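Pasted below: protein.cif, mmCIF, C-alpha atoms and all ligand atoms.
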```
data_work
loop_
_atom_site.label_atom_id
_atom_site.label_comp_id
_atom_site.auth_asym_id
_atom_site.auth_seq_id
_atom_site.Cartn_x
_atom_site.Cartn_y
_atom_site.Cartn_z
CA MET A 1 106.11 179.09 74.94
CA ARG A 2 103.31 181.43 76.08
CA THR A 3 100.99 179.56 78.43
CA GLY A 4 98.33 182.26 78.60
CA LYS A 5 98.42 181.62 82.35
CA SER A 6 98.98 184.17 85.07
CA ALA A 7 98.74 184.75 88.79
CA ARG A 8 98.60 187.95 90.78
CA ILE A 9 101.77 187.01 92.64
CA VAL A 10 104.40 184.46 91.59
CA VAL A 11 106.64 183.04 94.33
CA VAL A 12 109.95 181.57 93.13
CA GLY A 13 111.07 178.73 95.41
CA GLY A 14 109.07 176.25 97.47
CA GLY A 15 111.12 176.16 100.67
CA VAL A 16 109.68 177.31 104.02
CA THR A 17 110.14 180.99 103.16
CA GLY A 18 108.33 180.82 99.82
CA LEU A 19 105.57 178.52 101.06
CA SER A 20 104.93 180.63 104.14
CA THR A 21 104.84 183.80 102.00
CA ALA A 22 102.39 182.20 99.58
CA TRP A 23 100.21 180.98 102.46
CA TRP A 24 100.03 184.48 103.97
CA LEU A 25 99.17 185.88 100.52
CA ALA A 26 96.45 183.26 100.00
CA GLN A 27 95.08 184.12 103.46
CA ARG A 28 94.40 187.59 102.06
CA GLY A 29 92.58 186.11 99.07
CA ILE A 30 95.46 186.64 96.63
CA ASP A 31 95.78 184.40 93.60
CA VAL A 32 99.29 182.98 94.10
CA VAL A 33 101.45 180.37 92.37
CA VAL A 34 104.68 178.88 93.75
CA PHE A 35 107.25 177.63 91.23
CA GLU A 36 109.61 175.03 92.66
CA LYS A 37 112.37 173.63 90.49
CA GLY A 38 112.38 170.35 92.43
CA ILE A 39 110.12 169.13 95.22
CA VAL A 40 108.90 171.43 97.99
CA GLY A 41 111.20 171.42 101.02
CA TRP A 42 113.80 169.23 99.34
CA GLU A 43 116.59 171.75 100.02
CA ALA A 44 117.65 173.36 103.34
CA SER A 45 114.01 173.71 104.43
CA GLY A 46 113.60 169.96 104.84
CA ARG A 47 117.15 169.25 106.00
CA ASN A 48 117.71 171.63 108.90
CA GLY A 49 117.96 171.39 112.67
CA GLY A 50 114.39 172.64 113.22
CA GLY A 51 115.52 175.28 115.74
CA VAL A 52 113.23 178.22 116.50
CA GLY A 53 114.32 181.31 118.46
CA HIS A 54 116.28 184.10 116.81
CA ASP A 55 116.31 186.71 119.55
CA TYR A 56 118.47 189.23 117.65
CA SER A 57 116.00 189.52 114.76
CA PRO A 58 113.39 192.25 114.27
CA LEU A 59 111.08 189.34 113.41
CA PHE A 60 111.70 187.64 116.78
CA ALA A 61 108.54 188.78 118.57
CA GLU A 62 106.34 187.65 115.68
CA GLU A 63 108.28 184.37 115.36
CA GLN A 64 107.65 183.67 119.04
CA ARG A 65 103.99 184.67 118.84
CA LEU A 66 103.24 182.50 115.82
CA TRP A 67 105.04 179.19 116.45
CA PRO A 68 102.94 177.90 119.37
CA ASN A 69 99.81 178.46 117.23
CA LEU A 70 101.20 177.50 113.83
CA SER A 71 99.85 173.93 113.66
CA ASP A 72 96.36 175.23 114.45
CA MET A 73 96.68 178.12 112.00
CA LEU A 74 97.80 175.81 109.17
CA GLY A 75 95.53 172.91 110.12
CA TYR A 76 98.40 170.40 109.97
CA PRO A 77 101.05 169.37 112.56
CA THR A 78 104.47 171.02 112.68
CA GLU A 79 105.43 169.05 115.84
CA PHE A 80 106.47 172.30 117.53
CA ARG A 81 107.79 171.83 121.09
CA PRO A 82 108.70 174.85 123.23
CA ASN A 83 111.89 175.81 125.17
CA ARG A 84 115.55 175.04 124.64
CA LEU A 85 118.51 173.69 126.62
CA GLN A 86 122.23 174.32 126.27
CA ILE A 87 124.91 172.10 127.84
CA ALA A 88 128.41 173.43 128.61
CA LEU A 89 131.38 171.06 128.63
CA ASP A 90 134.04 173.69 129.27
CA GLU A 91 134.52 177.25 130.48
CA ALA A 92 134.34 178.80 127.00
CA GLN A 93 131.03 177.04 126.23
CA TYR A 94 129.71 178.06 129.66
CA ASN A 95 130.56 181.72 129.13
CA ARG A 96 129.01 181.77 125.65
CA ALA A 97 125.77 180.27 126.99
CA LYS A 98 125.81 182.77 129.88
CA ASP A 99 126.03 185.58 127.31
CA ALA A 100 123.04 184.09 125.48
CA VAL A 101 121.10 184.14 128.78
CA ARG A 102 121.98 187.80 129.24
CA ILE A 103 120.79 188.67 125.73
CA ALA A 104 117.57 186.69 126.21
CA ASN A 105 116.87 188.45 129.52
CA HIS A 106 117.60 191.76 127.82
CA VAL A 107 114.81 191.13 125.29
CA GLY A 108 112.45 190.17 128.10
CA LYS A 109 112.69 186.37 127.83
CA GLU A 110 113.19 183.96 130.71
CA ALA A 111 116.48 182.05 130.68
CA GLN A 112 118.46 180.64 133.57
CA ALA A 113 121.52 178.58 134.57
CA LEU A 114 120.95 175.03 135.84
CA ASP A 115 123.21 173.11 138.20
CA LEU A 116 124.25 169.61 137.17
CA GLU A 117 121.52 167.94 139.19
CA GLU A 118 118.85 170.12 137.58
CA LEU A 119 120.39 169.56 134.16
CA ARG A 120 120.30 165.75 134.59
CA GLU A 121 116.59 165.94 135.39
CA PHE A 122 116.13 167.27 131.85
CA VAL A 123 118.90 165.28 130.14
CA PRO A 124 119.69 161.94 131.82
CA PHE A 125 122.45 161.25 129.26
CA VAL A 126 124.88 164.02 130.35
CA GLY A 127 128.13 162.70 131.75
CA ASP A 128 130.68 163.81 134.33
CA ASN A 129 132.36 166.00 131.70
CA ALA A 130 129.48 168.56 131.77
CA ILE A 131 130.08 171.66 133.88
CA GLY A 132 126.58 173.16 133.68
CA GLY A 133 123.48 173.78 131.67
CA PHE A 134 121.06 176.55 130.71
CA LEU A 135 117.31 176.57 130.17
CA PHE A 136 115.81 179.07 127.72
CA LYS A 137 112.06 179.40 128.26
CA PHE A 138 111.26 180.52 124.74
CA GLY A 139 111.79 179.30 121.20
CA GLY A 140 111.86 175.57 120.70
CA HIS A 141 111.89 173.32 117.69
CA ALA A 142 109.68 171.72 115.09
CA ASN A 143 109.90 168.97 112.49
CA PRO A 144 111.21 170.62 109.29
CA GLN A 145 109.62 168.14 106.88
CA ARG A 146 106.26 168.20 108.64
CA THR A 147 106.38 171.99 108.67
CA VAL A 148 107.08 172.27 104.94
CA GLN A 149 104.24 169.85 104.26
CA ALA A 150 101.92 171.78 106.58
CA TYR A 151 102.59 175.08 104.78
CA ALA A 152 102.11 173.42 101.37
CA TRP A 153 98.84 171.66 102.23
CA ALA A 154 97.47 174.76 103.99
CA LEU A 155 98.31 176.87 100.93
CA GLN A 156 96.54 174.42 98.63
CA ASP A 157 93.52 174.37 100.98
CA LEU A 158 93.22 178.13 100.38
CA GLY A 159 93.34 177.67 96.60
CA GLY A 160 97.05 178.46 96.09
CA THR A 161 98.91 176.59 93.34
CA ILE A 162 102.26 174.84 93.70
CA MET A 163 104.06 173.86 90.51
CA GLN A 164 106.83 171.42 91.40
CA ASN A 165 109.59 170.45 88.96
CA THR A 166 109.19 173.85 87.34
CA GLU A 167 112.29 176.02 87.19
CA VAL A 168 112.14 179.79 86.81
CA ARG A 169 114.77 180.72 84.25
CA SER A 170 114.36 184.47 83.79
CA PHE A 171 112.02 187.44 83.97
CA GLU A 172 110.59 189.76 81.31
CA VAL A 173 110.75 193.37 82.47
CA SER A 174 108.81 196.31 81.09
CA GLY A 175 108.34 199.81 82.52
CA GLY A 176 110.26 199.03 85.72
CA ASN A 177 108.16 195.97 86.53
CA VAL A 178 108.47 192.25 85.95
CA LYS A 179 105.52 191.39 83.72
CA THR A 180 106.19 187.72 83.07
CA VAL A 181 108.14 184.89 84.61
CA VAL A 182 109.88 182.55 82.20
CA THR A 183 109.92 178.92 83.37
CA ASP A 184 110.91 175.65 81.74
CA SER A 185 107.17 174.95 81.42
CA GLY A 186 106.30 178.21 79.72
CA VAL A 187 105.83 181.91 80.41
CA PHE A 188 103.48 183.12 83.16
CA GLY A 189 102.07 186.63 83.56
CA CYS A 190 102.01 188.26 87.01
CA ASP A 191 101.49 191.52 88.89
CA GLY A 192 104.29 190.82 91.35
CA VAL A 193 107.12 188.41 92.15
CA VAL A 194 108.60 187.20 95.43
CA ILE A 195 112.01 185.56 95.07
CA THR A 196 112.74 183.08 97.86
CA ALA A 197 115.13 180.77 96.03
CA GLY A 198 117.62 180.12 98.86
CA PRO A 199 121.15 179.66 97.44
CA GLN A 200 119.85 180.34 93.92
CA THR A 201 118.71 183.85 94.86
CA ARG A 202 122.00 185.37 93.73
CA PRO A 203 122.00 183.97 90.15
CA LEU A 204 118.27 184.76 89.80
CA LEU A 205 118.69 188.39 90.87
CA ALA A 206 121.64 188.69 88.52
CA LYS A 207 119.18 188.04 85.68
CA VAL A 208 117.46 191.33 86.50
CA GLY A 209 120.76 193.15 87.01
CA VAL A 210 120.75 193.16 90.82
CA PHE A 211 123.77 192.00 92.82
CA ILE A 212 123.20 190.39 96.21
CA PRO A 213 126.27 189.31 98.19
CA LEU A 214 125.74 185.68 99.17
CA ALA A 215 128.21 182.90 99.93
CA LEU A 216 127.17 179.25 99.90
CA ALA A 217 127.99 176.76 102.63
CA ARG A 218 127.36 173.09 103.05
CA LEU A 219 126.26 171.68 106.42
CA GLU A 220 125.68 168.12 107.59
CA MET A 221 123.40 166.37 110.08
CA ILE A 222 123.31 162.87 111.55
CA VAL A 223 120.41 160.95 113.13
CA THR A 224 120.73 158.29 115.85
CA ALA A 225 118.48 155.38 116.75
CA PRO A 226 115.70 156.46 119.18
CA VAL A 227 116.42 157.04 122.88
CA PRO A 228 113.86 157.73 125.63
CA LEU A 229 112.05 161.05 125.18
CA MET A 230 113.37 164.05 127.11
CA ARG A 231 111.26 166.89 128.49
CA VAL A 232 112.90 169.51 126.27
CA GLY A 233 113.60 168.37 122.72
CA ILE A 234 116.15 170.90 121.53
CA ILE A 235 119.50 170.67 123.27
CA GLY A 236 122.68 172.29 122.02
CA GLY A 237 126.27 172.15 123.20
CA ASN A 238 129.84 171.20 122.22
CA GLY A 239 129.44 173.16 118.97
CA LEU A 240 126.35 171.17 117.97
CA TYR A 241 122.71 172.06 117.41
CA GLY A 242 119.98 169.50 117.25
CA ARG A 243 116.69 168.12 118.34
CA GLN A 244 115.02 164.98 119.54
CA THR A 245 112.26 163.81 117.23
CA LEU A 246 108.94 162.68 118.67
CA ARG A 247 110.05 159.10 117.96
CA GLY A 248 113.14 159.69 120.13
CA ASN A 249 115.88 159.96 117.48
CA LEU A 250 118.58 162.58 118.03
CA ALA A 251 119.09 164.67 114.86
CA TYR A 252 122.29 166.74 115.24
CA GLY A 253 124.43 168.98 113.10
CA GLY A 254 127.34 171.35 113.54
CA GLY A 255 130.26 173.00 111.82
CA PRO A 256 132.51 173.41 110.09
CA HIS A 257 130.82 175.31 107.28
CA GLU A 258 132.19 173.95 104.00
CA TRP A 259 132.28 176.91 101.64
CA LEU A 260 131.10 176.21 98.10
CA SER A 261 131.13 178.06 94.82
CA PHE A 262 127.81 178.58 93.01
CA GLU A 263 128.95 176.12 90.35
CA GLU A 264 129.33 173.45 93.07
CA ASP A 265 125.71 173.77 94.23
CA GLY A 266 124.73 170.46 92.67
CA HIS A 267 123.00 167.26 93.76
CA LYS A 268 126.24 165.61 94.91
CA ARG A 269 126.81 168.31 97.52
CA ARG A 270 123.63 167.12 99.35
CA LEU A 271 125.27 163.75 100.03
CA PRO A 272 126.98 163.41 103.41
CA THR A 273 130.67 162.65 103.76
CA THR A 274 132.03 160.06 106.17
CA SER A 275 134.57 162.45 107.68
CA LEU A 276 132.09 165.21 108.57
CA SER A 277 129.47 162.75 109.83
CA GLN A 278 132.09 161.11 112.04
CA PHE A 279 133.19 164.48 113.35
CA ILE A 280 129.60 165.33 114.38
CA ALA A 281 129.14 161.83 115.88
CA LYS A 282 132.32 162.22 117.93
CA ARG A 283 131.15 165.52 119.39
CA LEU A 284 127.71 164.02 120.09
CA GLN A 285 129.40 161.23 122.06
CA GLN A 286 131.18 163.88 124.14
CA LEU A 287 127.88 165.69 124.72
CA TYR A 288 126.06 162.50 125.77
CA PRO A 289 128.71 160.05 127.06
CA LYS A 290 126.00 157.68 128.29
CA LEU A 291 124.89 157.18 124.69
CA GLU A 292 128.37 156.24 123.53
CA HIS A 293 127.19 153.11 121.73
CA ILE A 294 124.06 154.49 120.10
CA ARG A 295 123.84 153.78 116.37
CA VAL A 296 123.87 156.54 113.73
CA ILE A 297 121.16 155.50 111.30
CA ARG A 298 121.09 158.37 108.78
CA SER A 299 122.95 161.45 107.62
CA TRP A 300 122.52 164.13 105.00
CA ALA A 301 123.83 167.51 103.88
CA GLY A 302 122.12 170.78 103.02
CA ILE A 303 123.22 174.05 101.44
CA VAL A 304 122.65 177.46 102.99
CA GLU A 305 123.28 180.94 101.65
CA ASN A 306 124.98 183.52 103.85
CA THR A 307 125.04 187.32 103.68
CA PRO A 308 128.20 189.17 104.84
CA ASP A 309 126.60 190.09 108.21
CA GLY A 310 124.81 186.75 108.63
CA ARG A 311 121.38 188.37 108.61
CA PRO A 312 118.53 187.91 106.15
CA VAL A 313 117.61 190.29 103.35
CA LEU A 314 113.87 191.02 103.20
CA ASP A 315 113.32 193.89 100.82
CA ARG A 316 111.74 195.30 97.70
CA LEU A 317 114.25 195.46 94.87
CA PRO A 318 115.68 198.77 93.73
CA TYR A 319 114.50 199.76 90.21
CA LEU A 320 111.95 196.91 90.01
CA ASP A 321 108.83 198.04 91.80
CA ASN A 322 107.01 194.73 91.92
CA VAL A 323 109.81 192.38 93.00
CA VAL A 324 110.44 191.39 96.61
CA VAL A 325 113.35 189.26 97.80
CA GLY A 326 113.64 187.06 100.89
CA THR A 327 116.95 185.31 101.51
CA MET A 328 117.42 183.99 105.01
CA SER A 329 121.16 183.59 105.61
CA SER A 330 121.03 180.23 107.47
CA VAL A 331 118.30 181.16 109.95
CA GLY A 332 115.23 180.75 107.78
CA PHE A 333 113.42 177.84 109.35
CA GLY A 334 112.63 179.38 112.73
CA LEU A 335 111.81 182.75 111.26
CA SER A 336 109.58 181.32 108.51
CA PRO A 337 106.14 182.15 109.93
CA ALA A 338 107.22 185.77 110.47
CA SER A 339 109.37 186.14 107.34
CA GLY A 340 106.52 184.84 105.18
CA ARG A 341 104.14 187.35 106.72
CA ALA A 342 106.65 190.16 106.25
CA LEU A 343 107.32 189.27 102.60
CA SER A 344 103.61 189.00 101.84
CA GLU A 345 103.11 192.51 103.26
CA LEU A 346 106.09 193.90 101.33
CA ALA A 347 104.56 192.45 98.15
CA LEU A 348 101.02 193.70 98.78
CA ASP A 349 101.36 196.81 100.94
CA GLY A 350 104.90 197.91 100.08
CA THR A 351 105.89 197.79 103.75
CA CYS A 352 105.94 195.42 106.68
CA ASN A 353 103.14 196.34 109.08
CA PHE A 354 104.36 194.57 112.22
CA ALA A 355 108.16 194.99 112.35
CA ASP A 356 110.86 197.47 111.37
CA LEU A 357 112.78 195.81 108.53
CA SER A 358 115.30 198.63 107.97
CA SER A 359 118.18 196.41 109.16
CA MET A 360 117.23 193.81 106.55
CA LYS A 361 117.51 196.06 103.51
CA LEU A 362 119.72 195.06 100.59
CA SER A 363 121.18 198.59 100.45
CA ARG A 364 123.14 197.95 103.67
CA PHE A 365 125.67 196.22 101.41
CA ASP A 366 126.11 199.18 99.06
CA GLY A 367 129.83 199.85 98.69
CA LEU A 368 130.79 196.39 99.92
CA ALA A 369 134.34 195.49 98.93
CA THR A 370 134.39 193.11 95.97
CA ASP A 371 136.68 190.73 97.85
CA TRP A 372 134.39 190.52 100.90
CA GLN A 373 134.16 186.72 100.67
CA ALA A 374 137.93 186.24 100.61
CA ALA A 375 138.35 188.79 103.42
CA LYS A 376 136.07 186.66 105.61
CA GLY A 377 137.75 183.43 104.56
CA TRP A 378 134.46 182.20 103.10
CA THR A 379 135.96 180.87 99.89
CA PRO A 380 135.84 177.23 98.81
CA PRO A 381 138.99 175.29 99.66
CA GLU A 382 140.57 172.84 97.26
CA ARG A 383 138.30 169.87 96.80
CA SER A 384 139.96 166.67 97.91
CA HIS A 385 139.41 164.02 100.53
CA THR A 386 142.63 165.07 102.23
CA SER A 387 141.63 168.70 102.50
CA THR A 388 138.26 167.78 104.07
CA MET A 389 139.96 165.52 106.61
CA ALA A 390 142.48 168.22 107.39
CA ARG A 391 139.78 170.80 108.07
CA VAL A 392 137.79 168.36 110.19
CA GLY A 393 140.83 167.56 112.26
CA GLN A 394 141.43 171.24 113.10
C1 LIG A 401 121.94 171.33 108.22
C2 LIG A 401 121.16 172.62 108.39
C3 LIG A 401 120.71 173.00 109.65
C4 LIG A 401 119.98 174.18 109.82
N1 LIG A 401 119.43 174.45 111.04
C5 LIG A 401 118.58 175.50 111.18
C6 LIG A 401 117.89 175.71 112.39
O1 LIG A 401 118.02 174.93 113.35
N2 LIG A 401 117.06 176.78 112.49
C7 LIG A 401 116.87 177.64 111.44
O2 LIG A 401 116.13 178.61 111.59
N3 LIG A 401 117.50 177.46 110.26
C8 LIG A 401 118.33 176.40 110.10
N4 LIG A 401 118.95 176.17 108.90
C9 LIG A 401 118.75 177.13 107.80
C10 LIG A 401 117.39 176.94 107.16
O3 LIG A 401 117.20 175.59 106.79
C11 LIG A 401 117.27 177.82 105.92
O4 LIG A 401 117.63 179.15 106.23
C12 LIG A 401 115.84 177.81 105.39
O5 LIG A 401 115.40 176.50 105.16
C13 LIG A 401 115.78 178.63 104.10
O6 LIG A 401 114.53 178.41 103.52
P1 LIG A 401 114.23 179.02 102.11
O7 LIG A 401 112.85 178.61 101.75
O8 LIG A 401 114.54 180.48 102.16
O9 LIG A 401 115.32 178.39 101.15
P2 LIG A 401 115.48 176.86 100.62
O10 LIG A 401 115.05 175.87 101.62
O11 LIG A 401 116.85 176.78 100.06
O12 LIG A 401 114.43 176.83 99.45
C14 LIG A 401 114.61 177.51 98.24
C15 LIG A 401 113.86 176.74 97.17
O13 LIG A 401 113.93 177.44 95.94
C16 LIG A 401 114.01 176.50 94.90
N5 LIG A 401 114.58 177.17 93.74
C17 LIG A 401 115.83 177.67 93.58
N6 LIG A 401 115.98 178.21 92.35
C18 LIG A 401 114.79 178.07 91.74
C19 LIG A 401 114.32 178.42 90.44
N7 LIG A 401 115.10 179.05 89.56
N8 LIG A 401 113.04 178.11 90.10
C20 LIG A 401 112.22 177.47 90.99
N9 LIG A 401 112.64 177.10 92.23
C21 LIG A 401 113.90 177.40 92.60
C22 LIG A 401 114.92 175.41 95.48
O14 LIG A 401 114.75 174.18 94.78
C23 LIG A 401 114.46 175.35 96.92
O15 LIG A 401 113.48 174.36 97.16
C24 LIG A 401 119.72 175.02 108.70
C25 LIG A 401 120.16 174.63 107.42
C26 LIG A 401 120.87 173.45 107.26
C27 LIG A 401 121.30 173.03 105.88
#
```

Take the structure in the file and write it out as structure tokens.
Amino acid sequence: MRTGKSARIVVVGGGVTGLSTAWWLAQRGIDVVVFEKGIVGWEASGRNGGGVGHDYSPLFAEEQRLWPNLSDMLGYPTEFRPNRLQIALDEAQYNRAKDAVRIANHVGKEAQALDLEELREFVPFVGDNAIGGFLFKFGGHANPQRTVQAYAWALQDLGGTIMQNTEVRSFEVSGGNVKTVVTDSGVFGCDGVVITAGPQTRPLLAKVGVFIPLALARLEMIVTAPVPLMRVGIIGGNGLYGRQTLRGNLAYGGGPHEWLSFEEDGHKRRLPTTSLSQFIAKRLQQLYPKLEHIRVIRSWAGIVENTPDGRPVLDRLPYLDNVVVGTMSSVGFGLSPASGRALSELALDGTCNFADLSSMKLSRFDGLATDWQAAKGWTPPERSHTSTMARVGQ
């Protein structure tokens, strides 16, 4: 079905990465359409921990510059709150957090150890099992669903189009360029394509003959009834990450990663399991003993894609001049304002004008062993209730 429709740039995937990219493109007056096979932000982008602050990334400085201003830039609230706390319950956790302080200081950010009295001023719920805490005066957290909505509305305010429930199925290539995008609602012409399809990036790139090494993992989060607001909303520890919502709920997630095959990336995998939710709840109780009896009111799961080195790929595709790919390897929410800007520049200018993206190139995986996933132990285990319980108990 030829629709006779076209856009200068087509973005495939309406998560935070795609929506941010489209918004940056629209800011430059580009006619852009986002195709989303479901509803915007329904996947990892609306289900994550909301953490911001990836100090190892070449996009870190831009991430940190943009977040405090993002609500104003978009014209809608993201509920961003600055700074981050880490609680240590044992020596190993303490030493890991101390390393994170060292790295933060190395990149010029303020971070410091807190004694227990100082820690309790921030977090009244810590118990006698805590041995210390750390305050990171950068990064922070935001509300993932609000943020997705803010990007989407801001994009539409600039004249960008979002087509939900529209799946991109393939691409028509001619003369080394993608000329049209084939969707389940028809065929759209374009001058350029940005693929930000999260876990589906690998099968989509395969359609144009490009291999990208990605492994899928399933993660879960739980939400408690509200508790009094704390001064810093994002507090990690005991193997958990999480945030306090403005209403006071604690939304927490943590490992283990449950490795999935691409065939398993279906609706059912977004449903939480009792065993993993209980495992997170148990660790949350240890983190906040004074909240031992707080109710868990909600839980969910989300799927993330992971590259072999755990870092995103932001790159133009080899052999296809007008295709750019952005796959975020589990750290895409916090980086989204900067990754979207970078991808928009790769699509329009051929290069990123504010950061060196050489460490994010796809070619770093050239020559990767075909059994890389198995070598890392990132392969799906047998699917059974028993096997999940066994892993959780480890
Ligand atoms: C539980 C959990 C906690 C996390 N915590 C954090 C955190 O604290 N901080 C952080 O930075 N990151 C976190 N992450 C990771 C973060 O959520 C993701 O890296 C980020 O959301 C990726 O965004 P994305 O837009 O690239 O991909 P996605 O959110 O996966 O969006 C891709 C979109 O593409 C669409 N799509 C796929 N195929 C097609 C197609 N063929 N046609 C049209 N549309 C298609 C999908 O429907 C989807 O909406 C967490 C993730 C999870 C699951």

Dump as CSV the rows for residues of chain A within 7 Å of ligand LIG 401 (chain A): closest atom pair and distance in Å with one decimal, all atoms listed in the file counted, ordered by chain and rising residue number.
```
residue,atom,partner,partner_atom,distance
A:Val12,CA,A:LIG401,C20,5.2
A:Gly13,CA,A:LIG401,O13,3.2
A:Gly14,CA,A:LIG401,O15,4.8
A:Gly15,CA,A:LIG401,O7,3.2
A:Val16,CA,A:LIG401,O7,4.1
A:Thr17,CA,A:LIG401,O7,3.9
A:Gly18,CA,A:LIG401,O7,5.4
A:Phe35,CA,A:LIG401,C20,5.0
A:Glu36,CA,A:LIG401,N9,3.7
A:Lys37,CA,A:LIG401,C20,3.9
A:Gly38,CA,A:LIG401,O14,5.1
A:Ile39,CA,A:LIG401,O15,6.5
A:Val40,CA,A:LIG401,O15,5.5
A:Gly41,CA,A:LIG401,O15,5.4
A:Trp42,CA,A:LIG401,O15,5.6
A:Glu43,CA,A:LIG401,O10,4.7
A:Ala44,CA,A:LIG401,O10,4.0
A:Ser45,CA,A:LIG401,O5,3.2
A:Gly46,CA,A:LIG401,O5,6.8
A:Arg47,CA,A:LIG401,C27,5.6
A:Asn48,CA,A:LIG401,C3,3.4
A:Gly49,CA,A:LIG401,O1,3.6
A:Gly50,CA,A:LIG401,O1,4.3
A:Gly51,CA,A:LIG401,O1,3.5
A:Val52,CA,A:LIG401,O2,5.7
A:Thr166,CA,A:LIG401,C20,6.0
A:Glu167,CA,A:LIG401,N8,3.7
A:Val168,CA,A:LIG401,N8,3.8
A:Arg169,CA,A:LIG401,N7,5.6
A:Thr196,CA,A:LIG401,O8,5.3
A:Ala197,CA,A:LIG401,O13,3.5
A:Gly198,CA,A:LIG401,O11,3.6
A:Pro199,CA,A:LIG401,O11,5.8
A:Gln200,CA,A:LIG401,N6,4.7
A:Thr201,CA,A:LIG401,N6,6.8
A:Leu204,CA,A:LIG401,N7,6.5
A:Arg218,CA,A:LIG401,C27,6.7
A:Leu219,CA,A:LIG401,C1,4.7
A:Glu220,CA,A:LIG401,C1,5.0
A:Met221,CA,A:LIG401,C1,5.5
A:Tyr241,CA,A:LIG401,O1,6.8
A:Gly242,CA,A:LIG401,O1,7.0
A:Gly253,CA,A:LIG401,C1,6.0
A:Ala301,CA,A:LIG401,C1,6.1
A:Gly302,CA,A:LIG401,C27,3.7
A:Ile303,CA,A:LIG401,C27,4.9
A:Val304,CA,A:LIG401,C27,5.5
A:Gly326,CA,A:LIG401,O8,6.8
A:Thr327,CA,A:LIG401,O8,5.4
A:Met328,CA,A:LIG401,O4,5.0
A:Ser329,CA,A:LIG401,O4,5.7
A:Ser330,CA,A:LIG401,O4,3.8
A:Val331,CA,A:LIG401,O2,3.7
A:Gly332,CA,A:LIG401,O4,3.3
A:Phe333,CA,A:LIG401,O2,3.6
A:Gly334,CA,A:LIG401,O2,3.8
A:Leu335,CA,A:LIG401,O2,6.0
```

Long-range neighbours of Ala130 in chain A as a PyMOL selection string, 9 Å cut-off, only C-alpha atoms, 4 positions minimum in chain: chain A and resi 87-90+116+126+287

Counting all atoms listed in the file, what is within 10 Å of range 340-350 of chain A, bar same-chain residues fewer than 5 positions away, as an MDAnalysis selection string? chainID A and resid 9 16:28 30 59 62 191:196 314:316 321:326 332 335 355:357

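When all atoms listed in the file are used to compute distances to Ser358 in chain A, the closest of the residues A:Val313, A:Val181, A:Ala111, A:Leu214 turns out to be A:Val313.
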
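For the pair CA of Pro272 in chain A and CA of Trp300 in chain A, the interatomic distance is 4.8 Å.
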
As lines of an AutoDock Vina configuration file: centre and edge lengths in Å, one decimal, of the axis-aligned box holding range 153-157 of chain A with 3 Å per side:
```
center_x = 96.2
center_y = 174.3
center_z = 101.3
size_x = 11.3
size_y = 11.2
size_z = 11.4
```

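Between CA of Leu216 in chain A and CA of Asn306 in chain A the separation is 6.2 Å.
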
Can you pull out every residue within 12 Å of Gly75 in chain A, counting all atoms listed in the file, but drop anything in the same chain fewer than 6 positions away, and send it as a PyMOL selection string? chain A and resi 69+146-147+149-158

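One distance worth recording is that between CA of Gly140 in chain A and CA of Pro82 in chain A, which is 4.1 Å.
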
Closest of A:Met163, A:Ile222, A:Val227, A:Val178 to Arg298 in chain A - atom-to-atom distances counting only C-alpha atoms: A:Ile222
